[in-house]
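So this one's coords-v6.txt, compact mmCIF, C-alpha atoms:
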# COMPACT_ATOMS: atom_id res chain seq x y z
CA MET A 1 25.45 10.86 -19.97
CA ALA A 2 24.06 10.95 -23.48
CA ASP A 3 22.24 7.60 -23.38
CA ARG A 4 20.70 8.02 -19.94
CA LYS A 5 17.46 6.11 -19.57
CA PRO A 6 14.35 8.13 -18.89
CA PRO A 7 13.61 8.16 -15.13
CA GLU A 8 10.35 6.18 -15.48
CA ASP A 9 12.17 3.27 -17.05
CA ALA A 10 14.89 3.33 -14.39
CA LEU A 11 12.22 3.43 -11.69
CA SER A 12 10.31 0.41 -12.95
CA ASN A 13 13.61 -1.43 -13.36
CA LEU A 14 14.44 -0.62 -9.73
CA ARG A 15 10.97 -1.73 -8.60
CA ARG A 16 11.42 -5.05 -10.37
CA ARG A 17 14.78 -5.64 -8.76
CA VAL A 18 13.47 -4.69 -5.31
CA ASP A 19 10.54 -7.08 -5.72
CA ALA A 20 12.85 -9.86 -6.85
CA ALA A 21 15.11 -9.27 -3.87
CA ARG A 22 12.12 -9.45 -1.53
CA GLY A 23 11.16 -12.74 -3.09
CA THR A 24 7.45 -11.94 -3.20
CA ASP A 25 5.08 -10.07 -5.47
CA GLY A 26 5.72 -6.82 -3.66
CA SER A 27 3.61 -7.62 -0.63
CA GLN A 28 5.70 -7.15 2.49
CA ASN A 29 2.92 -8.07 4.85
CA ALA A 30 4.32 -10.57 7.24
CA PRO A 31 1.78 -10.42 10.07
CA PRO A 32 3.43 -9.91 13.45
CA PRO A 33 3.55 -13.01 15.61
CA GLN A 34 0.38 -13.33 17.66
CA SER A 35 0.89 -14.00 21.32
CA PRO A 36 -1.06 -16.99 22.67
CA ALA A 37 -2.93 -14.66 25.02
CA SER A 38 -4.22 -12.46 22.20
CA LEU A 39 -5.20 -15.55 20.22
CA ALA A 40 -7.12 -16.88 23.23
CA LEU A 41 -8.84 -13.52 23.68
CA ARG A 42 -9.72 -13.59 19.99
CA TYR A 43 -11.39 -17.01 20.20
CA GLY A 44 -13.20 -16.12 23.41
CA GLY A 45 -14.32 -12.76 22.08
CA GLU A 46 -15.72 -14.24 18.88
CA PHE A 47 -17.63 -16.89 20.80
CA GLY A 48 -18.93 -14.60 23.54
CA ALA A 49 -19.98 -11.87 21.13
CA ALA A 50 -22.13 -14.29 19.14
CA VAL A 51 -23.83 -15.61 22.31
CA ILE A 52 -24.57 -12.08 23.52
CA VAL A 53 -25.92 -10.96 20.14
CA GLY A 54 -28.05 -14.13 19.86
CA ALA A 55 -29.52 -13.53 23.30
CA LEU A 56 -30.17 -9.87 22.52
CA LEU A 57 -31.92 -10.72 19.24
CA GLY A 58 -34.04 -13.28 21.11
CA TYR A 59 -34.88 -10.72 23.76
CA GLY A 60 -35.90 -8.26 21.05
CA ALA A 61 -38.16 -10.89 19.49
CA ASP A 62 -39.71 -11.48 22.94
CA TYR A 63 -40.28 -7.78 23.36
CA LEU A 64 -42.07 -7.48 20.02
CA LEU A 65 -44.02 -10.76 20.10
CA HIS A 66 -44.68 -11.02 23.88
CA SER A 67 -43.39 -14.58 23.80
CA GLN A 68 -41.29 -14.60 26.98
CA PRO A 69 -39.16 -16.59 27.62
CA TRP A 70 -38.93 -18.53 24.38
CA GLY A 71 -37.19 -15.89 22.30
CA ILE A 72 -34.23 -15.52 24.63
CA VAL A 73 -33.96 -19.29 25.13
CA ILE A 74 -33.91 -20.04 21.41
CA GLY A 75 -31.83 -16.95 20.64
CA MET A 76 -29.13 -17.98 23.10
CA GLY A 77 -29.03 -21.48 21.64
CA LEU A 78 -28.64 -20.07 18.15
CA GLY A 79 -26.02 -17.68 19.51
CA PHE A 80 -23.99 -20.63 20.78
CA ALA A 81 -24.15 -22.21 17.33
CA ALA A 82 -23.11 -18.94 15.68
CA GLY A 83 -20.26 -18.65 18.18
CA VAL A 84 -18.97 -22.08 17.23
CA VAL A 85 -19.17 -21.07 13.56
CA ASN A 86 -17.18 -17.91 14.35
CA VAL A 87 -14.50 -19.84 16.24
CA VAL A 88 -14.17 -22.40 13.44
CA ARG A 89 -13.80 -19.55 10.97
CA VAL A 90 -11.05 -17.88 13.01
CA ALA A 91 -9.26 -21.19 13.49
CA ARG A 92 -9.42 -21.90 9.76
CA SER A 93 -7.96 -18.52 8.84
CA TYR A 94 -5.28 -18.95 11.50
CA ASN A 95 -4.33 -22.36 10.13
CA GLN A 96 -4.19 -20.95 6.61
CA ALA A 97 -1.86 -18.18 7.77
CA ASN A 98 0.32 -20.58 9.79
CA PRO A 99 0.38 -23.91 7.94
CA VAL A 100 1.75 -26.94 9.73
CA ASP A 101 5.25 -27.89 8.64
CA PRO A 102 4.84 -31.07 6.54
CA ASN A 103 8.30 -32.27 7.55
CA ALA A 104 7.55 -31.99 11.25
CA PRO A 105 7.93 -35.28 13.13
CA SER A 106 4.61 -36.93 13.77
CA ILE A 107 3.37 -37.31 17.31
CA PRO A 108 3.89 -40.93 18.49
CA ASP A 109 0.68 -42.85 18.89
CA ASP A 110 0.39 -43.98 22.50
CA GLU A 111 -2.88 -45.77 22.02
CA GLU A 112 -2.69 -49.32 23.33
CA ASP A 113 -3.98 -51.65 20.72
CA MET B 114 -4.56 8.54 44.64
CA ALA B 115 -1.60 7.29 42.68
CA ASP B 116 -2.30 3.78 43.91
CA ASP B 117 -5.74 3.58 42.33
CA PRO B 118 -5.31 1.69 39.04
CA ILE B 119 -8.75 2.81 37.80
CA GLU B 120 -8.16 6.51 38.40
CA GLN B 121 -6.41 6.90 35.04
CA PHE B 122 -9.68 6.28 33.19
CA HIS B 123 -11.64 9.11 34.83
CA ILE B 124 -13.05 11.53 32.30
CA GLU B 125 -12.40 15.11 33.37
CA PRO B 126 -13.88 18.01 31.43
CA ILE B 127 -11.39 20.61 30.26
CA ALA B 128 -13.90 23.05 28.75
CA GLU B 129 -17.56 22.70 29.77
CA PHE B 130 -19.87 22.83 26.78
CA ASN B 131 -23.57 22.16 26.37
CA LEU B 132 -25.17 21.28 23.06
CA ALA B 133 -28.99 21.48 23.18
CA GLY B 134 -29.08 20.05 26.69
CA TRP B 135 -26.47 17.37 26.01
CA ASP B 136 -23.14 17.42 27.76
CA ALA B 137 -20.64 17.87 24.95
CA SER B 138 -17.71 19.07 27.03
CA PHE B 139 -14.18 18.93 25.69
CA THR B 140 -12.61 16.36 28.02
CA ASN B 141 -9.22 14.81 28.56
CA ALA B 142 -10.37 11.95 26.29
CA SER B 143 -11.16 14.45 23.52
CA LEU B 144 -7.75 16.05 24.01
CA ALA B 145 -6.00 12.69 23.68
CA MET B 146 -7.91 11.93 20.48
CA VAL B 147 -7.09 15.35 19.01
CA GLY B 148 -3.48 14.68 19.99
CA GLY B 149 -3.45 11.38 18.12
CA VAL B 150 -4.93 12.96 14.99
CA ALA B 151 -2.60 15.96 15.21
CA VAL B 152 0.53 13.81 15.51
CA ALA B 153 -0.52 11.79 12.46
CA ALA B 154 -1.35 14.87 10.37
CA LEU B 155 1.73 16.84 11.35
CA PHE B 156 4.11 13.92 10.94
CA PHE B 157 2.86 12.97 7.49
CA ASN B 158 2.83 16.59 6.34
CA TRP B 159 6.37 17.10 7.55
CA ALA B 160 7.73 13.77 6.35
CA MET B 161 6.27 14.03 2.86
CA LYS B 162 7.13 17.70 2.35
CA PRO B 163 10.35 16.99 0.39
CA ALA B 164 8.60 14.26 -1.68
CA ALA B 165 12.06 13.22 -2.81
CA MET B 166 12.76 10.52 -5.38
CA VAL B 167 15.32 9.09 -2.98
CA PRO B 168 13.50 9.38 0.35
CA GLY B 169 15.03 10.53 3.60
CA ARG B 170 14.50 8.71 6.86
CA ALA B 171 11.17 10.31 7.77
CA GLN B 172 9.84 9.79 4.27
CA VAL B 173 10.77 6.09 4.41
CA VAL B 174 8.72 5.75 7.60
CA ALA B 175 5.73 7.52 6.06
CA GLU B 176 5.89 5.55 2.81
CA GLY B 177 6.45 2.34 4.74
CA ALA B 178 3.28 2.90 6.74
CA HIS B 179 1.41 3.65 3.52
CA ASP B 180 2.67 0.50 1.78
CA PHE B 181 2.02 -1.60 4.89
CA ILE B 182 -1.69 -0.71 5.00
CA ARG B 183 -1.96 -0.84 1.21
CA GLY B 184 -0.61 -4.39 1.13
CA MET B 185 -2.90 -5.41 3.98
CA LEU B 186 -5.96 -4.01 2.22
CA LYS B 187 -4.93 -5.59 -1.10
CA ASP B 188 -4.58 -9.01 0.54
CA GLY B 189 -7.91 -8.61 2.32
CA ALA B 190 -10.17 -6.90 -0.19
CA GLY B 191 -8.33 -6.88 -3.52
CA GLU B 192 -7.34 -4.00 -5.79
CA GLU B 193 -10.90 -2.66 -5.81
CA GLY B 194 -10.85 -2.43 -2.03
CA VAL B 195 -7.64 -0.41 -2.18
CA GLN B 196 -9.22 2.12 -4.54
CA LYS B 197 -12.38 2.49 -2.49
CA PHE B 198 -11.37 2.11 1.13
CA PHE B 199 -7.69 2.95 1.46
CA PRO B 200 -8.26 6.36 3.14
CA LEU B 201 -10.71 4.83 5.65
CA VAL B 202 -8.48 1.96 6.71
CA PHE B 203 -5.32 4.07 6.77
CA THR B 204 -7.02 6.71 8.96
CA LEU B 205 -8.43 4.11 11.33
CA PHE B 206 -5.07 2.40 11.69
CA LEU B 207 -3.12 5.62 12.28
CA PHE B 208 -5.67 6.97 14.75
CA ILE B 209 -5.74 3.80 16.86
CA PHE B 210 -2.00 3.24 16.63
CA LEU B 211 -1.05 6.79 17.61
CA SER B 212 -3.69 7.04 20.36
CA ASN B 213 -2.33 3.81 21.82
CA MET B 214 1.27 4.96 21.53
CA LEU B 215 0.61 8.41 23.03
CA SER B 216 -1.18 6.81 25.97
CA MET B 217 2.03 4.95 26.83
CA PHE B 218 3.54 8.24 28.02
CA PRO B 219 3.34 8.40 31.81
CA GLY B 220 2.66 12.15 31.76
CA PHE B 221 4.54 15.43 31.47
CA PHE B 222 4.12 19.19 31.92
CA GLY B 223 2.03 18.67 35.03
CA VAL B 224 -0.34 16.38 33.15
CA HIS B 225 -0.88 13.41 35.40
CA HIS B 226 -0.81 10.94 32.52
CA VAL B 227 -1.81 10.80 28.88
CA PHE B 228 -5.34 9.49 28.55
CA ALA B 229 -5.91 6.28 26.56
CA PRO B 230 -8.98 6.95 24.37
CA THR B 231 -9.13 3.35 23.13
CA SER B 232 -9.66 2.19 26.72
CA GLN B 233 -13.21 3.60 26.48
CA ILE B 234 -15.75 1.17 25.03
CA VAL B 235 -17.79 4.06 23.61
CA ILE B 236 -14.90 5.09 21.35
CA THR B 237 -13.97 1.62 20.12
CA ALA B 238 -17.67 0.82 19.63
CA MET B 239 -18.12 3.91 17.46
CA LEU B 240 -15.11 2.91 15.36
CA ALA B 241 -16.45 -0.64 14.97
CA LEU B 242 -19.97 0.60 14.12
CA LEU B 243 -18.47 2.96 11.55
CA VAL B 244 -16.94 -0.05 9.79
CA PHE B 245 -20.15 -2.09 10.26
CA PHE B 246 -22.40 0.53 8.67
CA THR B 247 -19.86 1.20 5.93
CA VAL B 248 -20.06 -2.49 5.02
CA ILE B 249 -23.88 -2.46 5.00
CA ILE B 250 -24.28 0.81 3.06
CA VAL B 251 -21.56 0.10 0.49
CA GLY B 252 -22.75 -3.49 0.19
CA PHE B 253 -26.31 -2.50 -0.67
CA ALA B 254 -25.26 0.43 -2.85
CA LYS B 255 -22.91 -1.73 -4.91
CA ASN B 256 -24.68 -5.10 -5.01
CA GLY B 257 -28.31 -4.21 -4.38
CA LEU B 258 -30.30 -7.17 -3.07
CA LYS B 259 -27.45 -9.52 -3.99
CA PHE B 260 -25.81 -8.32 -0.78
CA PHE B 261 -28.10 -10.76 1.08
CA LYS B 262 -25.93 -13.53 -0.35
CA VAL B 263 -23.53 -12.70 2.49
CA PHE B 264 -25.95 -14.59 4.73
CA ALA B 265 -26.30 -17.62 2.44
CA PRO B 266 -23.08 -19.56 1.80
CA SER B 267 -23.12 -21.40 -1.51
CA GLY B 268 -23.36 -25.16 -1.61
CA VAL B 269 -25.65 -25.59 1.38
CA PRO B 270 -28.56 -28.04 0.90
CA ILE B 271 -31.93 -26.30 0.80
CA TYR B 272 -33.46 -28.12 3.80
CA ILE B 273 -30.77 -26.75 6.15
CA LEU B 274 -30.41 -23.34 4.50
CA TRP B 275 -32.93 -21.52 6.75
CA PHE B 276 -30.95 -22.58 9.82
CA VAL B 277 -27.61 -21.55 8.29
CA ILE B 278 -29.07 -18.16 7.39
CA ILE B 279 -30.15 -17.53 11.00
CA ILE B 280 -26.69 -18.51 12.23
CA GLU B 281 -25.02 -16.28 9.65
CA ILE B 282 -27.20 -13.31 10.62
CA ILE B 283 -26.24 -13.67 14.29
CA SER B 284 -22.61 -14.10 13.27
CA PHE B 285 -22.82 -10.96 11.14
CA PHE B 286 -24.27 -8.88 13.95
CA SER B 287 -21.72 -10.19 16.45
CA ARG B 288 -18.91 -8.69 14.39
CA PRO B 289 -19.00 -5.09 15.64
CA LEU B 290 -19.19 -6.36 19.22
CA SER B 291 -16.10 -8.56 19.06
CA HIS B 292 -14.38 -5.96 16.86
CA ALA B 293 -14.87 -3.24 19.49
CA VAL B 294 -14.38 -5.36 22.61
CA ARG B 295 -11.06 -6.80 21.47
CA LEU B 296 -9.36 -3.41 21.15
CA TRP B 297 -11.01 -2.01 24.27
CA ALA B 298 -10.26 -4.99 26.54
CA ASN B 299 -6.62 -5.24 25.47
CA ILE B 300 -5.85 -1.58 26.11
CA LEU B 301 -7.88 -1.39 29.33
CA ALA B 302 -6.35 -4.54 30.81
CA GLY B 303 -2.85 -3.50 29.81
CA HIS B 304 -3.10 -0.07 31.44
CA ILE B 305 -4.62 -1.46 34.65
CA LEU B 306 -1.90 -4.13 34.84
CA LEU B 307 0.83 -1.51 34.44
CA LYS B 308 -0.62 0.65 37.21
CA VAL B 309 -1.07 -2.28 39.58
CA PHE B 310 2.53 -3.41 39.26
CA ALA B 311 3.87 0.13 39.37
CA GLY B 312 1.82 0.76 42.50
CA PHE B 313 3.62 -2.08 44.30
CA VAL B 314 6.97 -0.31 43.94
CA PRO B 315 6.46 2.68 46.31
CA ALA B 316 4.35 0.56 48.67
CA LEU B 317 7.19 -1.95 49.10
CA ALA B 318 9.97 0.62 49.05
CA SER B 319 8.54 2.38 52.12
CA LEU B 320 9.26 -0.71 54.25
CA GLY B 321 13.00 -0.09 54.60
CA LEU B 322 16.01 -1.91 53.18
CA ILE B 323 14.35 -5.29 52.61
CA GLY B 324 11.39 -3.47 51.05
CA ILE B 325 13.66 -1.64 48.63
CA LEU B 326 15.23 -4.94 47.59
CA GLY B 327 11.79 -6.46 47.20
CA ALA B 328 10.55 -3.44 45.24
CA SER B 329 13.05 -4.20 42.48
CA LEU B 330 10.94 -7.22 41.49
CA PRO B 331 7.72 -5.32 40.58
CA LEU B 332 9.91 -2.60 39.06
CA ALA B 333 11.47 -5.14 36.71
CA MET B 334 7.99 -6.48 35.98
CA THR B 335 6.75 -2.98 35.14
CA VAL B 336 9.61 -2.44 32.70
CA ALA B 337 8.91 -5.78 31.05
CA LEU B 338 5.18 -5.05 30.88
CA TYR B 339 5.88 -1.67 29.29
CA GLY B 340 7.68 -3.45 26.48
CA LEU B 341 4.77 -5.84 26.09
CA GLU B 342 2.28 -2.96 26.06
CA PHE B 343 4.14 -1.28 23.22
CA LEU B 344 3.71 -4.51 21.26
CA VAL B 345 0.02 -4.65 22.19
CA ALA B 346 -0.45 -1.02 21.15
CA PHE B 347 0.78 -1.83 17.66
CA LEU B 348 -0.75 -5.29 17.45
CA GLN B 349 -4.26 -4.16 18.35
CA ALA B 350 -4.16 -1.36 15.78
CA TYR B 351 -2.97 -3.94 13.25
CA VAL B 352 -5.69 -6.43 14.21
CA PHE B 353 -8.39 -3.75 14.06
CA ALA B 354 -7.22 -2.71 10.59
CA ILE B 355 -6.94 -6.24 9.21
CA LEU B 356 -10.41 -7.18 10.48
CA THR B 357 -11.72 -4.01 8.86
CA CYS B 358 -10.20 -5.21 5.58
CA ILE B 359 -11.84 -8.64 5.93
CA TYR B 360 -15.26 -7.12 6.70
CA LEU B 361 -14.98 -4.61 3.84
CA ASN B 362 -14.28 -7.51 1.51
CA ASP B 363 -17.80 -8.78 2.26
CA ALA B 364 -19.22 -5.46 1.10
CA LEU B 365 -17.49 -5.80 -2.27
CA HIS B 366 -17.83 -9.56 -2.75
CA PRO B 367 -20.84 -10.95 -0.84
CA GLY B 368 -21.22 -14.71 -0.85
CA HIS B 369 -18.38 -16.77 0.55
When written as structure tokens, how does the structure in this file appear?
Amino acid sequence: MADRKPPEDALSNLRRRVDAARGTDGSQNAPPPQSPASLALRYGGEFGAAVIVGALLGYGADYLLHSQPWGIVIGMGLGFAAGVVNVVRVARSYNQANPVDPNAPSIPDDEED
Amino acid sequence: MADDPIEQFHIEPIAEFNLAGWDASFTNASLAMVGGVAVAALFFNWAMKPAAMVPGRAQVVAEGAHDFIRGMLKDGAGEEGVQKFFPLVFTLFLFIFLSNMLSMFPGFFGVHHVFAPTSQIVITAMLALLVFFTVIIVGFAKNGLKFFKVFAPSGVPIYILWFVIIIEIISFFSRPLSHAVRLWANILAGHILLKVFAGFVPALASLGLIGILGASLPLAMTVALYGLEFLVAFLQAYVFAILTCIYLNDALHPGH
């Protein structure tokens, strides 16, 4: 009992051992598995939201500049482009979170050449 | 009445109240939101009351929730984000999570059902706009005009930059929309689906013996869907919180 460590020291020792047992730097954030349906809704939502916002911004420009219908036409086109950018961004972050297994068997090439 | 899958979303005033000509009644939606907040506040007060070095079961749950959101925010927005925004993200997550979970109760004490506040677009839109304006205000307060770099990714050639900036602006403004709609659509669709399948059960069971046998199929489906909806209730709160972290990161570190 005489040479008991001060509690702070014992605590940090415990924290280190717990972190080592977890095998990470203390972050226990394994994201829950996303169902394919929620992933699909995510992609669709990102794309649709950008189209709607693009069209709305174009409509606002029309309203201010009295340039019907060019604002909404151009705005919707830009919205489509922004939607594609959004989808690519989501797909990239998804691929980063779920990297492809490098040891996975490659898909056979059925191209006839 | 019980067969109408939309009926559960009707807003009914509990206490009529007018504020300068605006209808500000306390409704069943308000009650459900107060319920969600109250459960969170009471649980955390009760669980953390011992504040023991070796935590009990309730304290492990409370500390686990704290560490879960803390880790999420640290991954998304770094240590600075944790210091600045932890209360915001933790509150948002707990409010959405507990509102979703409470709305899974089919009803008790003569209450027809527990209202699902996150199935109202006005509520999810306010939550998403709260995050959106937090990003803008904190971004400008911290970075000044450098916050505009969020619209201009580095390494883009100058002759295409004007086009990229327009695209990025639209993309930026589409965030609160997709942020709000995702939560709203998931909860709304889930609750309608549950009611539709549950409504088949009494309709089939009234047809006699064959009907009762047939009614076991939608009953099994309802049970399975209930399990799925519990997952969705957590997952959508998680997704809302993690997107909040990603957006808040832009406020602290503009420029991709």
(Q) as a PyMOL selection string, could you give me every residue of chain B near chain A (at most 12 Å apart, counting all atoms listed in the file)? (A) chain B and resi 166-167+177-189+276-300+302-303+341+344-345+347-356+359+369
Q | Residues within 12 Å of stretch 60-62 of chain A, only C-alpha atoms, excluding chain neighbours under 6 positions, as a ChimeraX atom specification | A | /A:53-54,68-75
Q.
Report as a list in words all protein, DNA and RNA residues lying within 10 Å of B:Phe122, evaluated on only C-alpha atoms, omitting residues in the same chain fewer than 6 positions from it.
A. Asn141, Ala142, Phe228, Ala229, Pro230, Ser232, Gln233, Leu301, His304 and Ile305 of chain B
Export of prior selection with C-alpha atoms as a tab-separated table (two decimals), in the coordinates of the input:
chain	number	residue	atom	x	y	z
B	141	ASN	CA	-9.22	14.81	28.56
B	142	ALA	CA	-10.37	11.95	26.29
B	228	PHE	CA	-5.34	9.49	28.55
B	229	ALA	CA	-5.91	6.28	26.56
B	230	PRO	CA	-8.98	6.95	24.37
B	232	SER	CA	-9.66	2.19	26.72
B	233	GLN	CA	-13.21	3.60	26.48
B	301	LEU	CA	-7.88	-1.39	29.33
B	304	HIS	CA	-3.10	-0.07	31.44
B	305	ILE	CA	-4.62	-1.46	34.65
Q: For stretch 128-133 of chain B, please output as a list in words all residues within 12 Å (counting only C-alpha atoms; exclusion window: fewer than 5 positions along the same chain).
A: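 Contacts, with the query itself left out: Ser138, Phe139, Thr140, Asn141, Ala142, Ser143 and Leu144 of chain B.
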Q: Do a neighbour search on B:Thr247 at 9 Å with only C-alpha atoms, toss out local chain neighbours closer than 5 positions, and write the hits as a PyMOL selection string.
A: chain B and resi 242+252+361+364
Q: Mind giving me the straight-line distance from atom CA of B:Val227 to atom CA of B:Phe210 in Å, one decimal?
A: 14.4 Å
Q: May I have the residues within 9 Å of B:Phe156 as a PyMOL selection string, using all atoms listed in the file and disregarding those fewer than 5 positions away in the same chain?
A: chain B and resi 151+161+171+175
